[in-house]
Each structure stands twice: as C-alpha cells, then as structure tokens.
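Visitor: Sharing a structure below in structure tokens format, with a few things to ask.
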Amino acid sequence: MKTPKEYRDNLLNHIITKQMLVDCLYSVNKRAKNYRDKEREQRAYSRCHRYVDNSAFIEGAREKKLEMYRMKDMLLQILTPICIHKEFIGYKIERIYSYETEEYKKYKKQFFYEGQYIDDDYSIVYFGDVELKDEPIYHYYLFYDLDCGHTFHTPIKKEELDKYSLPIIEISELETTGHKVNDLVSVQFVRKVIRLIEDNMYILQ
C-alpha cells in the first residue's frame, strides 16, 4: 500500500493520528500472523520430510514474527487498554496410568485419549488422558479499541491481572488470520512512526 500523502505530511509535523496508529498496528499484526503461518507450514513440511533441513526457513519466519510483535508492542505503549479479555481454551489434562489402580478404574470411562507402552520390566502399561473439569484454563489479553475499524489484543499472564484496574470480559475463541501485504502500510512507514514514539517527539491526535 502506498503511504497516503496525509500520513507523510503528519510525520514531518510529528503528528500521529489514531487512524495512522491503527493502520500501523494492523499492518504489523497481520504481518506477524503471516510469518506465524509460514513458520507452521515449514514445521509441518519438516515433519513430513525428515531428511530436508529447513531449519533456517523456520527460524527466519520465527524471527520476523517476533520482530513484528515487538513493533506492535511499541505502538501499543502509547495507548490505554479498555478491558481485559478472558478466553477459555480448555481444561487441565491429567494422564492416569494402569498401575494407579483405583484412579485408573475411577476415570477410565472419562478418557478422551488412551495408549500404552512397554516399561523397563517388559510389561504393558496402559494410560489415559482425562480433562479436569474443575480446573479450566484461560488466556488473558489486554483489549484495545480506537473506534477506527480494527481492534487489537496483546497477551498477558494471569499473574499480571492485578496490575490493571480493568473489567474482565469472557470471550469466545479468539481467531487471528494473516492478510495480503499489498493492502497494508509499509514496514518502513511503521518504523518511522515508532521512531517518533521512541524519541517522544509526537503529538497523538
């Protein structure tokens, strides 16, 4: 995407508008997802082609992904989140073995996955995985909304929740996808915006 003249003029005057910020955030966020998908594709390819060394491609995609997320964090630091989103991702899983006789009998009907292996004494050990329904697992995200068409999340740890006096809202599964880079503002432009932020030489409008 060609940088709009208005954006170029704003940069010269050290002005960052909310729409500029949203476009920059959207660009690095989607690029990060693109690199994430490339990393996954390369890892999947590696599993299917064990004799092909594509570790350089995997590491390259991973580094680019992390770079985009670092840029996203730099942009978000001048904004204030409006709430915390709480995403349910499943339950804690416990593996129970047949030598744990009572537990194995108790939970056997609840196993969602079962398997077996040969131990050091050449005996067969059976096992099963069970979901602990009283131990749900959640992911937490700071949620940003500038009323400019896109919203953004950044993950935080459960231990960090007390740092923020924000309402916590439970959401359904958070889906994230990549985007064609031709429709995004350039990384070069995003870097110029970040430079203004780093130098504390900007006016947010």
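Lettering and numbering for the structure tokens are positional, with chains as A, B, ... in the shown order, residues counted from 1 in each chain, and ligands counted from 1 in the shown order.
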Lys158 of chain A: which residues within 8 Å, counting only C-alpha atoms, same-chain residues fewer than 2 positions away excluded, as a list in words?
Guide: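 Result of the neighbour search: His139, Tyr140, Ile156, Glu160 and Leu161 of chain A.
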Visitor: Might you pull out every residue within 12 Å of Asp134 of chain A, with only C-alpha atoms counted and same-chain residues fewer than 4 positions away left off, and present them as a list of chain:residue names?
Guide: A:Gly90, A:Tyr91, A:Lys92, A:Ile93, A:Val130
Visitor: With N, CA and C atoms retained, export the selected residues as an mmCIF file, in the first residue's frame.
Guide:
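Output file result16.cif follows:
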```cif
data_model
loop_
_atom_site.group_PDB
_atom_site.id
_atom_site.type_symbol
_atom_site.label_atom_id
_atom_site.label_comp_id
_atom_site.auth_asym_id
_atom_site.auth_seq_id
_atom_site.Cartn_x
_atom_site.Cartn_y
_atom_site.Cartn_z
ATOM 1 N N GLY A 90 -9.694 -24.547 27.307
ATOM 2 C CA GLY A 90 -9.793 -25.968 27.628
ATOM 3 C C GLY A 90 -9.598 -26.221 29.110
ATOM 4 N N TYR A 91 -9.398 -27.479 29.433
ATOM 5 C CA TYR A 91 -9.208 -27.877 30.830
ATOM 6 C C TYR A 91 -7.818 -28.477 31.022
ATOM 7 N N LYS A 92 -7.356 -28.397 32.244
ATOM 8 C CA LYS A 92 -6.099 -29.050 32.577
ATOM 9 C C LYS A 92 -6.250 -30.548 32.329
ATOM 10 N N ILE A 93 -5.210 -31.167 31.788
ATOM 11 C CA ILE A 93 -5.254 -32.589 31.435
ATOM 12 C C ILE A 93 -4.334 -33.379 32.360
ATOM 13 N N VAL A 130 -7.457 -37.518 30.878
ATOM 14 C CA VAL A 130 -8.770 -37.060 31.315
ATOM 15 C C VAL A 130 -8.723 -35.555 31.539
#
```
Visitor: Could you tell me which of A:Phe88, A:Tyr97, A:Tyr107, A:Tyr138 comes closest to Asp119 of chain A if we count only C-alpha atoms?
Guide: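 Checking each of A:Phe88, A:Tyr97, A:Tyr107, A:Tyr138 against Asp119 of chain A, counting only C-alpha atoms, the winner is A:Tyr97.
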Visitor: With 8 Å as the cut-off and only C-alpha atoms counted, what is the closest atom pair between each nearby residue of segment 63-140 of chain A and segment 28-47 of chain A? Distances in Å to one decimal, ordered by chain and number, as a tab-separated table.
Guide:
```
residue	atom	partner	partner_atom	distance
A:Lys64	CA	A:Tyr35	CA	6.5
A:Lys65	CA	A:Ala32	CA	4.5
A:Leu66	CA	A:Ala32	CA	7.2
A:Glu67	CA	A:Ala32	CA	8.0
A:Met68	CA	A:Val28	CA	5.2
A:Tyr69	CA	A:Ala32	CA	6.4
A:Met71	CA	A:Val28	CA	6.9
A:Lys72	CA	A:Val28	CA	6.2
```
Visitor: Show which residues sit within 12 Å of Lys192 of chain A, as a ChimeraX atom specification. Count only C-alpha atoms, and ignore same-chain residues fewer than 2 positions away.
Guide: /A:3,7-8,10-12,14-16,20-21,24,71,74-75,185-190,194-199,201-202
Visitor: Could you go through segment 9-87 of chain A and tell me which residues DSSP, when run on the backbone, assigns to alpha helix (DSSP H), listing them as a VMD selection string?
Guide: chain A and resid 9 to 12 18 to 48 55 to 76
Visitor: Could you jot down the atom CA of Met1 of chain A to atom CA of Phe152 of chain A separation for me, Å, one decimal place?
Guide: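 Spanning atom CA of Met1 of chain A to atom CA of Phe152 of chain A is a straight-line distance of 20.7 Å.
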Visitor: Got a sec: who's within 9 Å of Thr154 of chain A, counting only C-alpha atoms, leaving out chain neighbours fewer than 3 positions off, as JSON, numbers by chain?
Guide: {"A": [72, 73, 76, 140, 141, 142, 143, 144]}
Visitor: With C-alpha atoms retained, export the selected residues as a tab-separated table (two decimals), in the first residue's frame.
Guide:
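Result file follows (again_35.tsv):
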```
chain	number	residue	atom	x	y	z
A	72	LYS	CA	3.22	-3.90	17.80
A	73	ASP	CA	4.13	-3.60	21.48
A	76	LEU	CA	0.54	-0.06	21.85
A	140	TYR	CA	-5.85	-13.27	29.08
A	141	TYR	CA	-5.43	-10.31	26.73
A	142	LEU	CA	-5.39	-6.55	27.05
A	143	PHE	CA	-8.01	-5.24	24.62
A	144	TYR	CA	-7.60	-2.00	22.65
```
